[in-house]
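The structure appears below as structure tokens.
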Amino acid sequence: MAESKEKHESGLLAPTSYDKEPPRDPSLIINSKTPFNAEPPVGALAQSFITPTPHFYKRNHGPIPILENEEEYRLTIDGLLPHPIKLTLAQLKSLGKEVVVASLMCAGNRRTEMSRLKAVRGVGWGPAAVGNAVWGGVPLSRVLQLAGVSQGAWETHSGGRHVEFVSVDRCKEEKGGPYRASIPLHMATCPDQEVLLAYEMNGEPLPRDHGCPLRAVVPGVIGARSVKWLDRINILADECQGFFQQLDYKMFPPWVDWDNVNWSSRSSIQDFPVQLAVCSPTSKDSIAPGSKVTVKGYALSGGGRKIERVDVSVDGGATWAEAQRLPQEGTHGRWAWTLWSLSAIVNPPCQIIAKCVDVASNTQPERVETIWNLRGVLNNSWFRVDIEPPK
Ligand code: MTE
Ligand code: MO
């Protein structure tokens, strides 16, 4: 097939095939090859507060766009504005760089665990569809101010004026059209929300897999709203009408299934809930009874809420101890995850359980059964690891 590489107004090309994908780290666990969806081995995650870019999960819905010439790049801002504006990358950079340490997490993180209970639709993910990076870019609030959008009055969670991010990648869910999503205008215009138009990740120019040359980074919100390869930003009277905002990334109760789902009955997910995983040991590690182990993992919550407490049990929930939360390096910590650890004597066969509480006292559900949903999103049930003794 002749590759049609339609060039968009932004200067980005959107390939129709997967033969121009960037190189990737061989240690990644591939959940889907085309589009490329992969996560690191979970053990790697708790090793560093900042997730190295090669190990950062990659979540795509189509072939990776290409920017051949950085000078050709233009971001268009349009919609409910006095007049649309276009900005080059140099103009965006001249507005002043801010750095935000923020975790991104896919709403499908830990989907595979949920699908073991009852099948769900969606790419299977282990517990590593999450990472913590240093994002460098220009605050969206500043760019919107330049475009004549003043700080938003209060708008509702899903209704009310929204700021839509539109990409160029070809997604089958959008019938070959681009990925798009929106966030409420108040979130986009509030400097404290620290929404960035990022052109750097971990001190380097944004790599192709993560949105080169420019992406939205919406801290505390599910990854789906942090649109990569930005082509345009639209100010809308209501939220984005795209597939990923209206027919996906919504939370249904366990009794709703594909035969009775009414997508318009629920809000689109923005903030993610309190979440945690044990990164080591894993169920692949056999451990002799009486061994001292260090149980390690990550914990995070949405909306800028920090983690207040992490509880760990190494005897299936009979007894609990509080894990130590590791200091968060170089950040005020609102948007970054918390790594934690606890040393304990384990007596396999046993189940390690971990759960956490955020500063608003939000807790995790004990059982995945209570939150099963047809798309397998937001599985934040207590994290359980079955440990066996050596054979
Ligand atoms: N943006 C575009 N243009 N296309 C996409 O497929 N996937 C979204 C979001 N932004 C996506 C996108 C989803 S679902 C997630 S979880 C994050 O990007 C993943 O970001 P990452 O690949 O940098 O980890
Ligand atoms: Mo996602």
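In the structure tokens, chains take the letters A, B, ... in the order shown, each chain's residues start at 1, and ligands count up from 1 in the order shown.
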Residues within 8 Å of ligand 1, counting only C-alpha atoms and all ligand atoms, as a short mmCIF file (atom, residue, chain, number, x, y, z; two decimals) with C-alpha atoms, in the first residue's frame:
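Written out: pocket.cif:
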```cif
data_model
loop_
_atom_site.label_atom_id
_atom_site.label_comp_id
_atom_site.auth_asym_id
_atom_site.auth_seq_id
_atom_site.Cartn_x
_atom_site.Cartn_y
_atom_site.Cartn_z
CA ASN A 37 1.17 -0.47 23.68
CA PHE A 56 7.93 4.81 30.57
CA TYR A 57 4.74 3.05 29.41
CA LYS A 58 3.63 3.80 25.86
CA ARG A 59 -0.06 4.02 25.07
CA ASN A 60 -1.04 4.63 21.44
CA HIS A 61 -4.14 4.28 19.28
CA GLY A 62 -2.51 4.52 15.84
CA LEU A 104 0.80 9.89 34.13
CA MET A 105 -1.42 6.86 34.53
CA CYS A 106 -3.58 5.12 31.98
CA ALA A 107 -7.17 4.50 33.11
CA GLY A 108 -6.58 0.91 31.91
CA ALA A 129 0.77 1.59 32.82
CA VAL A 130 1.99 4.45 34.98
CA GLY A 131 5.19 6.45 35.25
CA VAL A 166 -6.63 17.58 18.90
CA SER A 167 -3.85 15.40 17.50
CA VAL A 168 -3.17 14.01 14.01
CA ASP A 169 -2.76 10.25 14.63
CA CYS A 171 -7.27 5.97 15.29
CA PRO A 178 -7.25 11.94 15.05
CA TYR A 179 -7.22 11.30 18.78
CA ARG A 180 -8.82 14.13 20.73
CA ASP A 209 6.42 7.88 21.28
CA HIS A 210 5.49 10.48 23.91
CA GLY A 211 4.17 13.23 21.63
CA ARG A 215 1.78 17.32 24.10
CA ILE A 222 -6.16 9.99 33.60
CA GLY A 223 -3.54 9.77 30.83
CA ALA A 224 -6.22 9.82 28.12
CA ARG A 225 -6.59 13.62 28.46
CA SER A 226 -2.84 14.28 28.01
CA VAL A 227 -3.07 14.38 24.23
CA LYS A 228 0.18 13.80 22.31
CA TRP A 229 1.34 15.33 18.97
CA LEU A 230 -0.82 18.43 19.33
#
```
I need the helix (DSSP H, G or I) residues of range 61-241 of chain A per DSSP on the backbone, written as a CSV table (one decimal) with C-alpha atoms, in the first residue's frame.
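To be explicit, this is the file written out as states.csv:
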```
chain,number,residue,atom,x,y,z
A,70,GLU,CA,10.7,21.5,13.7
A,71,GLU,CA,10.6,25.0,12.2
A,72,GLU,CA,7.5,24.0,10.2
A,89,LEU,CA,7.6,26.1,18.8
A,90,ALA,CA,10.0,29.0,19.2
A,91,GLN,CA,7.1,31.3,20.1
A,92,LEU,CA,5.8,28.8,22.6
A,93,LYS,CA,9.2,28.4,24.2
A,111,ARG,CA,-7.0,-4.0,33.5
A,112,THR,CA,-5.7,-7.6,33.1
A,113,GLU,CA,-6.4,-8.3,36.8
A,114,MET,CA,-10.0,-7.1,36.4
A,115,SER,CA,-10.5,-9.2,33.2
A,116,ARG,CA,-9.5,-12.4,35.2
A,117,LEU,CA,-12.8,-12.0,37.0
A,140,LEU,CA,-1.4,26.1,29.1
A,141,SER,CA,-2.9,28.9,31.2
A,142,ARG,CA,-0.3,31.3,29.9
A,143,VAL,CA,-0.9,30.3,26.3
A,144,LEU,CA,-4.6,30.6,26.7
A,145,GLN,CA,-4.2,34.1,28.2
A,146,LEU,CA,-2.2,35.1,25.1
A,172,LYS,CA,-9.7,3.3,14.2
A,173,GLU,CA,-12.0,4.3,17.1
A,174,GLU,CA,-12.3,7.7,15.4
A,185,LEU,CA,-11.8,25.3,31.0
A,186,HIS,CA,-11.3,26.1,34.7
A,187,MET,CA,-8.7,23.4,34.9
A,188,ALA,CA,-7.0,24.6,31.7
A,189,THR,CA,-6.9,28.3,32.8
A,191,PRO,CA,-2.3,28.3,37.0
A,192,ASP,CA,-2.4,26.0,40.2
A,193,GLN,CA,-3.5,23.1,38.1
A,208,ARG,CA,8.2,10.5,19.2
A,209,ASP,CA,6.4,7.9,21.3
A,210,HIS,CA,5.5,10.5,23.9
A,223,GLY,CA,-3.5,9.8,30.8
A,224,ALA,CA,-6.2,9.8,28.1
A,225,ARG,CA,-6.6,13.6,28.5
```
> Can you list every residue in range 81-162 of chain A that DSSP puts in strand (DSSP E), as a ChimeraX atom specification?
Replying inline: /A:85-88,98-105,130-139,162
Residues of the last selection are to be written out with C-alpha atoms, as a PDB file, in the first residue's frame.
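Output (again-v1.pdb):
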```
ATOM      1  CA  ILE A  85      -3.925  32.185  16.628  1.00  0.00           C
ATOM      2  CA  LYS A  86      -0.997  30.092  15.430  1.00  0.00           C
ATOM      3  CA  LEU A  87       2.214  29.656  17.388  1.00  0.00           C
ATOM      4  CA  THR A  88       5.570  28.226  16.358  1.00  0.00           C
ATOM      5  CA  GLU A  98       8.058  25.645  33.661  1.00  0.00           C
ATOM      6  CA  VAL A  99       8.959  22.213  34.981  1.00  0.00           C
ATOM      7  CA  VAL A 100       6.398  19.921  36.603  1.00  0.00           C
ATOM      8  CA  VAL A 101       7.105  16.511  38.113  1.00  0.00           C
ATOM      9  CA  ALA A 102       3.938  14.550  37.399  1.00  0.00           C
ATOM     10  CA  SER A 103       2.832  10.955  37.131  1.00  0.00           C
ATOM     11  CA  LEU A 104       0.800   9.885  34.128  1.00  0.00           C
ATOM     12  CA  MET A 105      -1.420   6.864  34.533  1.00  0.00           C
ATOM     13  CA  VAL A 130       1.992   4.450  34.982  1.00  0.00           C
ATOM     14  CA  GLY A 131       5.190   6.454  35.253  1.00  0.00           C
ATOM     15  CA  ASN A 132       6.575   9.594  36.847  1.00  0.00           C
ATOM     16  CA  ALA A 133       8.469  12.108  34.719  1.00  0.00           C
ATOM     17  CA  VAL A 134       9.863  15.624  34.763  1.00  0.00           C
ATOM     18  CA  TRP A 135       7.872  17.532  32.149  1.00  0.00           C
ATOM     19  CA  GLY A 136       9.175  20.796  30.731  1.00  0.00           C
ATOM     20  CA  GLY A 137       6.981  23.148  28.785  1.00  0.00           C
ATOM     21  CA  VAL A 138       4.827  26.218  28.766  1.00  0.00           C
ATOM     22  CA  PRO A 139       1.813  26.490  31.108  1.00  0.00           C
ATOM     23  CA  HIS A 162     -13.957  22.820  27.731  1.00  0.00           C
TER      24      HIS A 162
END
```
>> So the first atom is CA of Asn260 in chain A and the second is CA of Gln241 in chain A; what is the distance between them in Å, to one decimal place?
In response: 21.2 Å
>> Nearest residue to ligand 2 out of A:Pro254, A:Gly317, A:Pro15, A:Gly376, using only C-alpha atoms and all ligand atoms?
In response: A:Gly376
> Can you list, as a PyMOL selection string, every protein, DNA or RNA residue that comes within 8 Å of Val42 in chain A when you count only C-alpha atoms, leaving out same-chain residues fewer than 4 positions away?
Replying inline: chain A and resi 46+126-128+279-280
Could the residues in this selection be written to a file with C-alpha atoms, as a short mmCIF file (atom, residue, chain, number, x, y, z; two decimals), in the first residue's frame?
```cif
data_model
loop_
_atom_site.label_atom_id
_atom_site.label_comp_id
_atom_site.auth_asym_id
_atom_site.auth_seq_id
_atom_site.Cartn_x
_atom_site.Cartn_y
_atom_site.Cartn_z
CA ALA A 46 9.93 1.16 42.13
CA GLY A 126 -0.45 -5.13 34.09
CA PRO A 127 0.25 -2.69 36.94
CA ALA A 128 2.90 -0.66 35.06
CA CYS A 279 6.44 -3.76 42.49
CA SER A 280 8.47 -6.31 44.40
#
```
> If we count only C-alpha atoms, what is near Val256 in chain A at a cut-off of 10 Å, once residues fewer than 6 positions away on the same chain are taken out, given as a PyMOL selection string?
Replying inline: chain A and resi 262+372-374
Output C-alpha atoms for every residue in that selection, as a CSV table (one decimal), in the first residue's frame.
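Printed below is selection_39.csv as written:
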```csv
chain,number,residue,atom,x,y,z
A,262,ASN,CA,-25.9,3.9,27.8
A,372,TRP,CA,-15.7,-4.5,37.7
A,373,ASN,CA,-16.8,-2.5,34.6
A,374,LEU,CA,-17.2,-3.5,31.0
```
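Nearest residue to Pro40 in chain A, choosing from A:Pro281, A:Gly290, A:Gly177, A:Pro54 and counting only C-alpha atoms: A:Pro54.
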> Any idea what's packed within 7 Å of Ser341 in chain A, counting only C-alpha atoms, ignoring anything in its chain fewer than 2 positions away? Could you give it as a VMD selection string?
Replying inline: chain A and resid 294 to 297 323 to 325 343
C-alpha atoms of the current selection, written as a short mmCIF file (atom, residue, chain, number, x, y, z; two decimals), in the first residue's frame:
```
data_model
loop_
_atom_site.label_atom_id
_atom_site.label_comp_id
_atom_site.auth_asym_id
_atom_site.auth_seq_id
_atom_site.Cartn_x
_atom_site.Cartn_y
_atom_site.Cartn_z
CA THR A 294 11.59 -5.64 51.37
CA VAL A 295 8.13 -5.06 49.96
CA LYS A 296 8.22 -2.08 47.58
CA GLY A 297 5.77 -0.23 45.39
CA ALA A 323 5.08 1.20 55.04
CA GLN A 324 7.67 3.93 54.91
CA ARG A 325 6.96 6.57 52.27
CA SER A 343 10.78 -4.82 55.52
#
```
> Which is closest to Tyr298 in chain A among A:Gln275, A:Asp315, A:Glu200, A:Pro41, if we use only C-alpha atoms?
Replying inline: A:Gln275
>> Just want the 8 Å neighbourhood of Phe49 in chain A, counted on only C-alpha atoms, with same-chain residues fewer than 2 positions away dropped. Output as a list of chain:residue names.
In response: A:Ala46, A:Gln47, A:Thr51, A:Asn132, A:Gln328, A:Glu329, A:Trp337, A:Thr338, A:Leu339
